[in-house]
>>> print(open('my_file_0.txt').read())   # compact mmCIF, C-alpha atoms and all ligand atoms
# COMPACT_ATOMS: atom_id res chain seq x y z
CA MET A 34 60.69 115.01 167.71
CA LYS A 35 63.85 112.98 167.27
CA VAL A 36 63.65 110.52 164.39
CA LEU A 37 66.13 107.75 163.67
CA VAL A 38 66.32 107.02 159.94
CA ILE A 39 67.60 103.59 158.98
CA ASN A 40 68.65 102.32 155.58
CA CYS A 41 69.53 98.62 155.75
CA GLY A 42 71.43 96.99 152.91
CA SER A 43 72.35 93.33 152.67
CA SER A 44 75.65 93.85 154.52
CA SER A 45 75.42 97.48 155.60
CA LEU A 46 73.27 99.83 157.65
CA LYS A 47 73.28 103.61 157.23
CA TYR A 48 71.61 105.78 159.85
CA GLN A 49 70.88 109.38 160.75
CA LEU A 50 69.33 110.89 163.84
CA ILE A 51 67.35 113.98 162.88
CA ASP A 52 65.61 116.59 165.01
CA SER A 53 62.43 116.98 162.99
CA ASP A 54 61.49 120.34 164.57
CA THR A 55 64.66 122.08 163.38
CA GLU A 56 65.46 119.51 160.63
CA GLU A 57 68.95 119.46 162.13
CA LEU A 58 71.18 116.41 161.71
CA LEU A 59 72.15 115.24 165.20
CA ALA A 60 74.28 112.23 164.28
CA LYS A 61 74.96 109.91 161.38
CA GLY A 62 76.90 106.77 160.66
CA LEU A 63 77.38 103.52 158.88
CA CYS A 64 77.75 99.86 159.84
CA GLU A 65 79.64 97.87 157.23
CA ARG A 66 80.65 94.27 156.72
CA ILE A 67 77.66 92.93 158.69
CA ALA A 68 77.84 89.12 158.85
CA VAL A 69 81.50 89.32 157.73
CA ASP A 70 83.23 90.98 160.70
CA GLY A 71 81.77 94.44 161.35
CA ARG A 72 82.80 98.09 161.38
CA LEU A 73 80.98 101.13 162.74
CA THR A 74 81.71 104.69 161.64
CA HIS A 75 79.88 107.30 163.69
CA THR A 76 79.73 111.09 163.77
CA THR A 77 77.76 113.15 166.25
CA THR A 78 77.33 116.68 164.87
CA GLY A 79 79.99 118.91 166.42
CA LYS A 80 82.06 115.98 167.70
CA GLU A 81 84.84 113.96 166.16
CA LYS A 82 84.10 111.15 163.71
CA TYR A 83 85.37 107.70 164.73
CA THR A 84 85.54 104.18 163.35
CA LYS A 85 85.48 100.99 165.43
CA ASP A 86 85.78 97.34 164.44
CA LEU A 87 82.95 95.53 166.25
CA PRO A 88 81.64 91.99 165.81
CA MET A 89 78.40 92.17 163.80
CA PRO A 90 77.17 88.65 163.14
CA ASP A 91 73.79 90.07 162.08
CA HIS A 92 71.74 93.28 161.75
CA ASN A 93 70.51 92.98 165.37
CA ALA A 94 74.09 93.40 166.53
CA ALA A 95 74.56 96.35 164.17
CA VAL A 96 71.40 98.10 165.44
CA SER A 97 72.45 97.60 169.05
CA TYR A 98 75.87 99.17 168.35
CA VAL A 99 74.15 102.09 166.64
CA LEU A 100 71.96 102.65 169.70
CA GLU A 101 75.04 102.45 171.95
CA ALA A 102 76.88 104.95 169.75
CA LEU A 103 73.94 107.37 169.83
CA THR A 104 73.70 107.25 173.63
CA ASP A 105 77.42 107.13 174.48
CA LYS A 106 78.12 109.59 177.33
CA GLU A 107 81.07 111.24 175.59
CA THR A 108 80.59 110.77 171.87
CA GLY A 109 76.81 110.29 171.63
CA ALA A 110 74.03 112.64 170.56
CA ILE A 111 71.38 111.82 173.18
CA THR A 112 71.48 110.69 176.79
CA ASP A 113 68.78 108.05 176.65
CA LEU A 114 67.09 105.88 174.04
CA SER A 115 63.71 107.14 175.23
CA GLU A 116 64.57 110.40 173.41
CA ILE A 117 64.04 108.62 170.07
CA ASP A 118 60.38 109.20 169.20
CA ALA A 119 60.14 107.21 165.96
CA VAL A 120 62.17 105.24 163.44
CA GLY A 121 61.81 105.71 159.68
CA HIS A 122 62.98 102.83 157.49
CA ARG A 123 63.88 103.04 153.84
CA ILE A 124 62.28 100.09 152.07
CA VAL A 125 63.25 99.39 148.50
CA HIS A 126 60.23 97.60 147.05
CA GLY A 127 56.61 98.09 147.99
CA GLY A 128 55.25 96.53 144.78
CA GLU A 129 51.71 97.69 144.05
CA LYS A 130 50.75 97.33 147.70
CA PHE A 131 52.26 100.60 148.92
CA ALA A 132 51.57 103.93 147.24
CA LYS A 133 52.40 105.78 150.45
CA SER A 134 54.52 105.47 153.57
CA VAL A 135 52.97 103.42 156.38
CA VAL A 136 53.26 102.79 160.09
CA ILE A 137 54.69 99.27 160.42
CA THR A 138 52.32 96.64 161.80
CA ASP A 139 52.36 92.83 161.56
CA GLU A 140 50.12 93.05 158.47
CA VAL A 141 52.50 95.57 156.86
CA ILE A 142 55.47 93.28 157.53
CA ALA A 143 53.61 90.40 155.88
CA ALA A 144 52.80 92.59 152.86
CA ILE A 145 56.46 93.70 152.54
CA GLU A 146 57.50 90.04 152.72
CA GLU A 147 55.20 89.35 149.77
CA CYS A 148 57.27 91.86 147.76
CA ASN A 149 60.54 90.10 148.61
CA ASP A 150 60.87 88.30 145.29
CA LEU A 151 60.72 91.69 143.52
CA ALA A 152 63.83 92.85 145.44
CA PRO A 153 65.48 89.74 146.86
CA LEU A 154 68.70 91.50 147.86
CA HIS A 155 67.11 94.52 149.50
CA ASN A 156 63.69 93.85 151.04
CA PRO A 157 64.79 91.01 153.38
CA ALA A 158 67.56 93.26 154.73
CA ASN A 159 65.06 96.11 155.22
CA LEU A 160 62.80 93.74 157.19
CA ILE A 161 65.66 92.59 159.39
CA GLY A 162 66.30 96.25 160.26
CA ILE A 163 62.65 96.76 161.18
CA ARG A 164 62.54 93.65 163.38
CA ALA A 165 65.79 94.63 165.12
CA CYS A 166 64.34 98.06 165.98
CA GLN A 167 61.09 96.53 167.21
CA LYS A 168 63.09 94.25 169.48
CA LEU A 169 65.57 96.80 170.79
CA MET A 170 63.19 99.77 171.07
CA PRO A 171 59.85 98.27 172.07
CA GLY A 172 56.98 100.74 171.90
CA VAL A 173 58.74 103.14 169.51
CA PRO A 174 56.75 103.43 166.25
CA ASN A 175 58.43 102.30 163.02
CA VAL A 176 57.48 103.78 159.66
CA GLY A 177 58.24 102.27 156.25
CA VAL A 178 59.07 104.66 153.38
CA PHE A 179 59.20 102.93 150.00
CA ASP A 180 61.47 103.74 147.04
CA THR A 181 58.70 102.63 144.71
CA ALA A 182 55.73 104.43 146.32
CA PHE A 183 56.08 107.81 144.58
CA HIS A 184 55.85 106.11 141.17
CA GLN A 185 52.54 104.37 141.86
CA THR A 186 50.80 107.31 140.18
CA MET A 187 52.16 106.32 136.74
CA PRO A 188 49.41 105.63 134.20
CA ASP A 189 49.15 102.06 132.91
CA LYS A 190 50.52 103.05 129.50
CA ALA A 191 53.79 104.01 131.23
CA TYR A 192 54.17 100.95 133.46
CA ILE A 193 52.99 98.05 131.32
CA TYR A 194 55.61 96.11 129.34
CA GLY A 195 54.83 94.77 125.88
CA ILE A 196 54.77 91.14 126.95
CA PRO A 197 51.76 88.83 127.48
CA TYR A 198 49.37 90.58 129.88
CA GLU A 199 49.15 87.49 132.13
CA TYR A 200 52.74 88.12 133.22
CA TYR A 201 51.49 91.34 134.76
CA THR A 202 48.41 89.80 136.40
CA ASP A 203 50.15 86.58 137.48
CA TYR A 204 53.59 87.79 138.47
CA LYS A 205 53.18 91.58 138.79
CA ILE A 206 55.83 92.17 136.13
CA ARG A 207 55.62 95.91 135.34
CA ARG A 208 57.62 99.11 135.68
CA TYR A 209 57.83 100.18 139.32
CA GLY A 210 60.63 102.76 139.38
CA PHE A 211 62.95 103.57 142.28
CA HIS A 212 64.60 106.55 144.06
CA GLY A 213 61.02 107.72 144.67
CA THR A 214 61.85 109.48 147.94
CA SER A 215 64.51 111.52 146.15
CA HIS A 216 62.36 112.30 143.09
CA SER A 217 59.53 113.44 145.37
CA PHE A 218 61.80 115.58 147.58
CA VAL A 219 63.64 117.20 144.66
CA SER A 220 60.51 117.87 142.57
CA LYS A 221 58.85 119.60 145.55
CA ARG A 222 61.90 121.79 146.10
CA THR A 223 62.12 122.55 142.36
CA ALA A 224 58.50 123.76 142.33
CA GLU A 225 59.39 126.07 145.23
CA LEU A 226 62.38 127.39 143.28
CA LEU A 227 60.10 128.00 140.31
CA GLY A 228 57.81 129.91 142.64
CA LYS A 229 54.87 127.82 141.47
CA ASN A 230 52.29 125.55 142.97
CA ILE A 231 53.55 122.02 142.24
CA GLU A 232 50.15 121.11 140.75
CA ASP A 233 50.91 123.55 137.94
CA THR A 234 54.39 122.29 137.08
CA LYS A 235 56.07 119.86 134.69
CA ILE A 236 59.44 118.85 136.09
CA ILE A 237 62.08 116.33 135.00
CA VAL A 238 64.24 115.09 137.87
CA CYS A 239 67.61 113.55 136.94
CA HIS A 240 68.83 111.56 139.95
CA LEU A 241 72.35 110.68 138.80
CA GLY A 242 74.45 108.65 141.22
CA ASN A 243 75.95 105.17 141.18
CA GLY A 244 72.39 104.19 140.43
CA SER A 245 70.69 106.71 138.16
CA SER A 246 67.07 107.32 137.27
CA ILE A 247 65.12 110.07 135.59
CA THR A 248 61.48 110.85 136.36
CA ALA A 249 58.79 112.91 134.66
CA VAL A 250 56.83 114.67 137.43
CA LYS A 251 53.63 116.30 136.22
CA GLY A 252 51.54 118.22 138.72
CA GLY A 253 53.62 116.73 141.54
CA LYS A 254 52.97 113.15 140.42
CA SER A 255 55.36 110.69 138.81
CA VAL A 256 54.02 109.94 135.32
CA ASP A 257 57.02 108.02 133.98
CA THR A 258 60.44 106.91 135.17
CA THR A 259 63.44 105.15 133.68
CA MET A 260 63.95 102.27 136.11
CA GLY A 261 61.67 99.31 135.70
CA LEU A 262 60.76 96.07 137.46
CA THR A 263 64.23 96.36 138.95
CA PRO A 264 66.82 99.16 139.24
CA LEU A 265 68.74 97.70 136.25
CA ALA A 266 66.74 99.58 133.62
CA GLY A 267 67.05 103.09 132.19
CA VAL A 268 70.25 105.05 131.57
CA ILE A 269 73.60 103.31 131.91
CA MET A 270 74.97 103.57 135.45
CA GLY A 271 78.17 103.06 137.44
CA THR A 272 78.17 99.30 136.88
CA ARG A 273 74.64 98.59 135.57
CA SER A 274 73.85 98.28 131.89
CA GLY A 275 70.58 100.23 131.83
CA ASP A 276 68.30 99.50 128.87
CA ILE A 277 69.60 96.89 126.43
CA ASP A 278 68.00 94.79 123.71
CA PRO A 279 66.62 91.81 125.69
CA ALA A 280 67.83 89.45 122.94
CA ILE A 281 71.42 90.23 123.97
CA ILE A 282 71.00 87.90 126.95
CA GLU A 283 70.42 84.76 124.88
CA PHE A 284 73.01 85.85 122.34
CA LEU A 285 75.61 86.27 125.10
CA ALA A 286 74.68 82.96 126.71
CA ASN A 287 75.24 81.17 123.39
CA LYS A 288 78.53 82.95 122.71
CA THR A 289 80.05 82.67 126.19
CA GLY A 290 78.40 79.57 127.70
CA LYS A 291 77.42 81.63 130.73
CA ASN A 292 74.12 80.98 132.49
CA ILE A 293 71.36 83.47 133.32
CA GLU A 294 72.69 84.25 136.81
CA GLU A 295 76.18 84.90 135.50
CA ILE A 296 74.88 87.20 132.78
CA ASN A 297 72.66 88.97 135.30
CA THR A 298 75.72 89.61 137.45
CA ILE A 299 77.58 91.03 134.44
CA LEU A 300 74.66 93.35 133.65
CA ASN A 301 74.48 94.53 137.26
CA LYS A 302 78.11 94.63 138.35
CA LYS A 303 80.39 94.72 135.30
CA SER A 304 78.51 96.91 132.85
CA GLY A 305 77.62 100.60 132.63
CA VAL A 306 80.47 103.11 132.59
CA TYR A 307 82.60 100.53 134.42
CA GLY A 308 82.28 98.02 131.61
CA LEU A 309 82.68 100.61 128.87
CA SER A 310 85.75 102.30 130.33
CA GLY A 311 87.47 99.10 131.41
CA GLY A 312 87.19 99.50 135.16
CA PHE A 313 86.15 103.03 136.18
CA SER A 314 82.75 103.33 137.85
CA ASP A 315 83.41 106.60 139.70
CA PHE A 316 82.77 109.63 137.51
CA ARG A 317 85.72 111.51 139.01
CA ASP A 318 88.01 108.74 137.73
CA LEU A 319 86.29 108.80 134.34
CA GLY A 320 86.87 112.55 134.05
CA LYS A 321 90.51 112.16 134.98
CA GLY A 322 90.91 109.27 132.53
CA MET A 323 89.41 111.30 129.72
CA GLU A 324 91.70 114.26 130.44
CA GLU A 325 94.64 111.89 130.24
CA GLY A 326 93.50 110.79 126.79
CA ASN A 327 91.70 107.54 127.64
CA ASP A 328 89.15 107.36 124.83
CA ARG A 329 87.00 104.71 126.52
CA CYS A 330 86.51 107.03 129.49
CA ARG A 331 85.40 109.70 126.98
CA LEU A 332 83.04 107.15 125.40
CA ALA A 333 81.52 106.13 128.75
CA LEU A 334 80.84 109.77 129.66
CA ASP A 335 79.35 110.43 126.22
CA VAL A 336 77.05 107.41 126.38
CA PHE A 337 75.89 108.35 129.87
CA ALA A 338 75.14 111.99 129.04
CA TYR A 339 73.50 111.04 125.74
CA GLY A 340 71.18 108.67 127.61
CA VAL A 341 70.19 111.45 130.02
CA LYS A 342 69.56 113.83 127.10
CA LYS A 343 67.35 111.30 125.29
CA TYR A 344 65.16 110.74 128.34
CA ILE A 345 64.81 114.50 128.88
CA GLY A 346 63.50 114.78 125.33
CA ALA A 347 61.22 111.79 125.83
CA TYR A 348 59.76 113.08 129.07
CA ALA A 349 59.20 116.59 127.71
CA ALA A 350 57.18 114.84 124.99
CA ALA A 351 55.38 112.65 127.55
CA MET A 352 54.31 115.65 129.63
CA GLY A 353 53.57 117.99 126.71
CA GLY A 354 56.36 120.34 127.81
CA VAL A 355 58.68 120.97 130.70
CA ASP A 356 59.07 123.92 133.09
CA ALA A 357 62.19 122.80 134.91
CA ILE A 358 64.90 120.16 134.94
CA ALA A 359 66.56 119.30 138.26
CA PHE A 360 69.92 117.55 138.64
CA THR A 361 70.55 115.72 141.88
CA ALA A 362 72.62 112.95 143.63
CA GLY A 363 76.41 112.47 143.48
CA ILE A 364 76.89 113.09 139.74
CA GLY A 365 73.92 115.41 139.23
CA GLU A 366 75.08 117.68 142.05
CA ASN A 367 78.82 117.55 141.46
CA ASN A 368 79.59 116.99 137.79
CA PRO A 369 79.37 120.14 135.62
CA TYR A 370 80.85 118.30 132.63
CA VAL A 371 78.08 115.67 132.51
CA ARG A 372 75.34 118.27 133.10
CA ASN A 373 76.67 120.43 130.31
CA LEU A 374 76.95 117.51 127.91
CA ALA A 375 73.42 116.31 128.68
CA MET A 376 72.02 119.84 128.18
CA SER A 377 74.02 120.74 125.08
CA ASP A 378 72.23 121.70 121.85
CA MET A 379 68.85 121.94 123.53
CA GLU A 380 68.25 125.63 122.82
CA TYR A 381 65.56 124.50 120.35
CA MET A 382 63.66 123.25 123.43
CA GLY A 383 64.17 126.51 125.31
CA ILE A 384 67.08 125.21 127.40
CA THR A 385 70.20 127.39 127.69
CA ILE A 386 72.87 126.64 130.27
CA ASP A 387 74.80 129.40 132.03
CA GLN A 388 78.36 128.05 131.86
CA GLU A 389 79.52 130.07 134.86
CA ALA A 390 76.60 129.02 137.07
CA ASN A 391 77.04 125.41 135.96
CA LYS A 392 80.41 125.26 137.74
CA VAL A 393 78.49 124.73 140.99
CA MET A 394 79.24 121.55 142.96
CA GLY A 395 77.04 120.33 145.78
CA ASP A 396 74.90 123.44 146.27
CA GLU A 397 71.43 124.44 145.21
CA LYS A 398 71.61 126.77 142.20
CA GLN A 399 69.90 127.75 138.98
CA ILE A 400 72.27 126.77 136.17
CA SER A 401 70.18 127.97 133.20
CA THR A 402 70.51 131.52 131.87
CA PRO A 403 67.95 134.06 133.12
CA ASP A 404 66.24 134.02 129.72
CA SER A 405 66.18 130.22 129.37
CA LYS A 406 62.52 129.24 128.92
CA VAL A 407 63.07 125.96 130.76
CA LYS A 408 64.78 126.51 134.13
CA VAL A 409 67.55 124.11 135.06
CA PHE A 410 68.59 123.66 138.69
CA VAL A 411 71.02 121.72 140.81
CA VAL A 412 68.98 120.59 143.82
CA PRO A 413 70.83 118.50 146.42
CA THR A 414 68.75 115.52 147.46
CA ASN A 415 68.27 114.51 151.08
CA GLU A 416 66.53 111.15 151.24
CA GLU A 417 67.04 110.82 155.00
CA LEU A 418 65.37 114.15 155.70
CA ALA A 419 62.52 113.17 153.39
CA ILE A 420 62.11 109.88 155.30
CA ALA A 421 62.17 111.76 158.63
CA ARG A 422 59.45 114.14 157.38
CA GLU A 423 57.26 111.23 156.23
CA THR A 424 57.81 109.49 159.56
CA VAL A 425 56.76 112.54 161.56
CA ALA A 426 53.71 113.06 159.36
CA LEU A 427 52.53 109.50 160.15
CA VAL A 428 53.25 109.25 163.86
P1 LIG A 501 74.83 106.19 145.27
O1 LIG A 501 73.89 105.79 144.20
O2 LIG A 501 75.77 105.11 145.68
O3 LIG A 501 74.18 106.93 146.43
P2 LIG A 501 76.07 108.78 144.77
O4 LIG A 501 74.84 109.59 144.65
O5 LIG A 501 76.93 108.98 145.97
O6 LIG A 501 75.79 107.25 144.54
O7 LIG A 501 76.95 109.11 143.47
C1 LIG A 501 78.23 108.57 143.27
C2 LIG A 501 78.87 109.31 142.08
O8 LIG A 501 78.86 110.71 142.37
C3 LIG A 501 80.30 108.93 141.81
O9 LIG A 501 80.46 108.57 140.45
C4 LIG A 501 81.12 110.19 142.09
O10 LIG A 501 82.02 110.44 141.07
C5 LIG A 501 80.10 111.30 142.13
N1 LIG A 501 80.40 112.22 143.24
C6 LIG A 501 79.97 112.11 144.51
N2 LIG A 501 80.45 113.13 145.27
C7 LIG A 501 81.23 113.89 144.47
C8 LIG A 501 82.00 115.07 144.66
N3 LIG A 501 82.06 115.68 145.83
N4 LIG A 501 82.68 115.56 143.59
C9 LIG A 501 82.58 114.96 142.39
N5 LIG A 501 81.88 113.84 142.15
C10 LIG A 501 81.19 113.30 143.16
>>> encode(input="my_file_0.txt", output="C-alpha cells")
Amino acid sequence: MKVLVINCGSSSLKYQLIDSDTEELLAKGLCERIAVDGRLTHTTTGKEKYTKDLPMPDHNAAVSYVLEALTDKETGAITDLSEIDAVGHRIVHGGEKFAKSVVITDEVIAAIEECNDLAPLHNPANLIGIRACQKLMPGVPNVGVFDTAFHQTMPDKAYIYGIPYEYYTDYKIRRYGFHGTSHSFVSKRTAELLGKNIEDTKIIVCHLGNGSSITAVKGGKSVDTTMGLTPLAGVIMGTRSGDIDPAIIEFLANKTGKNIEEINTILNKKSGVYGLSGGFSDFRDLGKGMEEGNDRCRLALDVFAYGVKKYIGAYAAAMGGVDAIAFTAGIGENNPYVRNLAMSDMEYMGITIDQEANKVMGDEKQISTPDSKVKVFVVPTNEELAIARETVALV
C-alpha cells in the first residue's frame, strides 16, 4: 500500500509518501508560509530536491500542490493519484475521546472539533488538512493519529492536577501528554533491542527536540509523562518554559503590566534555553556558545540536562525500576554532551554510560556499558512511519 502521511501546522504542511509493504520512503516535502505567500520543497527519493514559490492562500491550495508534486511526470514519485491507498493525519489533541487512531468519519470530525479549545493553534489546522484531502481525493480513506492517544493509559493519580475537581469534570483540565506517536514507536523498538516482550519492560523515553517530553512506559503503556494539558509543561525546551511555579504568572503581570496573553507568549516563545541563553534555541548554537565561554549557554544546557535527569529519577520511582532509557528526536539522537550530562552520576541507579559509544549521532546504538544494569539506547524516532503503520492497520 502507498500511504500519504500529512502533518498540518497553522501555516505549514509536512508530508511523506511511504510504501507500507517495504516501509520505504517514496517522497517527502514541506509547504511553508501558507496564507502568507507559499513555498513548496519536495524530494522524491532518488531524484533532486527542489523548492518552488507557489501561491498558497489556504491549506487546500497546499494539498493540491503536494498532489501535483507527487504525480509530476519528471520529478514525482507516482504516476497517478489513484496509487495513494490511504492518508494518515497527525492530529495533536484527541482529548479523552481518542485513546487510539481512528478512520475519519463525520462523527470523528465533530469529536475532533470538540477538542479544538484544548489545542487552538493545532487542531483546526489538522482538520483543514483532513477536509482538503477528502475534497481532493474523494473515496480515499483518511485516518487520524493523535499525539495524545498513547497517554490515555495513564492512571488518574498521574493525570489529575491538584485543583478543584470540577475543573476536570467541567472543563477536562488534566494532564494529556504529547509526542505519543514517538513515545509509542521508540518504546516498542527499545523493547526489541532489550530482547524482551514489551509487557515485561519498564522503559523511560526521552523525546528531546525543540519540544521535549519524557514518558514512563510500563508494560508498553504510558503511565506518566511530562507534558500536561498543553505542550508547555515538563522540562525546559527550545523556547518553552516547562514547569514553573504557577504564581510566577501573577507576579510577572504585576511587575511588568503585561496581560495573560502576553505572558503566555513569553512562556511559549521567549523562554526555555532561548530565554536563559539570551537568544539561542538551537542546541548546536548553545554548544558553540558554551565552548566560546558564554556562561549563559552553559547554564541553559545545565538546566535542560538537570531537568531530564530529575524526571528519569522520578519515573524510575513511579515504575518501581527501569530496564532501559531511550533517547530520541533532534537533541536525543544527536547531542552526546546533553545525554552524558543527563546520565552523569547515576551509577547508583545501575546506569553507566560508555563514553565512546555515546559519541553516536543519528543512529540506533546502545550507549551504556555492557555491564550497565539499566540499558541506555539512542533510538531514532520516525513519527511518519508510525502514522503510516497505524493507517495501514486501520484500513
Ligand atoms: P522539533 O521538535 O521541531 O521536531 P527536532 O527534533 O528537530 O525538533 O530537534 C531540534 C533540535 O535538535 C535542535 O536544537 C538541534 O540542535 C538538534 N539537532 C537536530 N539535528 C541535529 C544534528 N544533525 N546535529 C546536532 N543537533 C541536531
>>> residues_near_ligand(input="my_file_0.txt", ligand="ligand LIG 501 (chain A)", cutoff="10 Å", atoms="only C-alpha atoms and all ligand atoms", output="PDB file with C-alpha atoms, in the frame of the given file")
ATOM      1  CA  HIS A 212      64.600 106.550 144.060  1.00  0.00           C
ATOM      2  CA  HIS A 240      68.830 111.560 139.950  1.00  0.00           C
ATOM      3  CA  LEU A 241      72.350 110.680 138.800  1.00  0.00           C
ATOM      4  CA  GLY A 242      74.450 108.650 141.220  1.00  0.00           C
ATOM      5  CA  ASN A 243      75.950 105.170 141.180  1.00  0.00           C
ATOM      6  CA  GLY A 244      72.390 104.190 140.430  1.00  0.00           C
ATOM      7  CA  SER A 245      70.690 106.710 138.160  1.00  0.00           C
ATOM      8  CA  SER A 246      67.070 107.320 137.270  1.00  0.00           C
ATOM      9  CA  MET A 270      74.970 103.570 135.450  1.00  0.00           C
ATOM     10  CA  GLY A 271      78.170 103.060 137.440  1.00  0.00           C
ATOM     11  CA  VAL A 306      80.470 103.110 132.590  1.00  0.00           C
ATOM     12  CA  PHE A 313      86.150 103.030 136.180  1.00  0.00           C
ATOM     13  CA  SER A 314      82.750 103.330 137.850  1.00  0.00           C
ATOM     14  CA  ASP A 315      83.410 106.600 139.700  1.00  0.00           C
ATOM     15  CA  PHE A 316      82.770 109.630 137.510  1.00  0.00           C
ATOM     16  CA  ARG A 317      85.720 111.510 139.010  1.00  0.00           C
ATOM     17  CA  ASP A 318      88.010 108.740 137.730  1.00  0.00           C
ATOM     18  CA  LEU A 319      86.290 108.800 134.340  1.00  0.00           C
ATOM     19  CA  GLY A 320      86.870 112.550 134.050  1.00  0.00           C
ATOM     20  CA  THR A 361      70.550 115.720 141.880  1.00  0.00           C
ATOM     21  CA  ALA A 362      72.620 112.950 143.630  1.00  0.00           C
ATOM     22  CA  GLY A 363      76.410 112.470 143.480  1.00  0.00           C
ATOM     23  CA  ILE A 364      76.890 113.090 139.740  1.00  0.00           C
ATOM     24  CA  GLY A 365      73.920 115.410 139.230  1.00  0.00           C
ATOM     25  CA  GLU A 366      75.080 117.680 142.050  1.00  0.00           C
ATOM     26  CA  ASN A 367      78.820 117.550 141.460  1.00  0.00           C
ATOM     27  CA  ASN A 368      79.590 116.990 137.790  1.00  0.00           C
ATOM     28  CA  PRO A 369      79.370 120.140 135.620  1.00  0.00           C
ATOM     29  CA  MET A 394      79.240 121.550 142.960  1.00  0.00           C
ATOM     30  CA  GLY A 395      77.040 120.330 145.780  1.00  0.00           C
ATOM     31  CA  PRO A 413      70.830 118.500 146.420  1.00  0.00           C
ATOM     32  CA  THR A 414      68.750 115.520 147.460  1.00  0.00           C
ATOM     33  CA  GLU A 416      66.530 111.150 151.240  1.00  0.00           C
TER      34      GLU A 416
END
>>> closest_residue(input="my_file_0.txt", among="A:Ser217, A:Asn93, A:Asn149, A:Thr84", to="Glu423 in chain A", atoms="only C-alpha atoms")
A:Ser217
>>> residues_around(input="my_file_0.txt", residues="Ile145 in chain A", least_positions_apart="3", cutoff="9 Å", atoms="all atoms listed in the file", output="list of chain:residue names")
A:Ile124, A:His126, A:Gly127, A:Gly128, A:Lys130, A:Phe131, A:Glu140, A:Val141, A:Ile142, A:Cys148, A:Asn149, A:Asn156, A:Pro157, A:Leu160
>>> write_last_selection(input="my_file_0.txt", atoms="C-alpha atoms", output="mmCIF file, in the coordinates of the input")
data_model
loop_
_atom_site.group_PDB
_atom_site.id
_atom_site.type_symbol
_atom_site.label_atom_id
_atom_site.label_comp_id
_atom_site.auth_asym_id
_atom_site.auth_seq_id
_atom_site.Cartn_x
_atom_site.Cartn_y
_atom_site.Cartn_z
ATOM 1 C CA ILE A 124 62.280 100.090 152.070
ATOM 2 C CA HIS A 126 60.230 97.600 147.050
ATOM 3 C CA GLY A 127 56.610 98.090 147.990
ATOM 4 C CA GLY A 128 55.250 96.530 144.780
ATOM 5 C CA LYS A 130 50.750 97.330 147.700
ATOM 6 C CA PHE A 131 52.260 100.600 148.920
ATOM 7 C CA GLU A 140 50.120 93.050 158.470
ATOM 8 C CA VAL A 141 52.500 95.570 156.860
ATOM 9 C CA ILE A 142 55.470 93.280 157.530
ATOM 10 C CA CYS A 148 57.270 91.860 147.760
ATOM 11 C CA ASN A 149 60.540 90.100 148.610
ATOM 12 C CA ASN A 156 63.690 93.850 151.040
ATOM 13 C CA PRO A 157 64.790 91.010 153.380
ATOM 14 C CA LEU A 160 62.800 93.740 157.190
#
>>> atom_distance(input="my_file_0.txt", atom1="CA of Ala347 in chain A", atom2="CA of Asp257 in chain A")
9.9 Å
>>> residues_around(input="my_file_0.txt", residues="Thr138 in chain A", least_positions_apart="2", cutoff="12 Å", atoms="all atoms listed in the file", output="ChimeraX atom specification")
/A:135-136,140-145,160,163-164,167,172-177
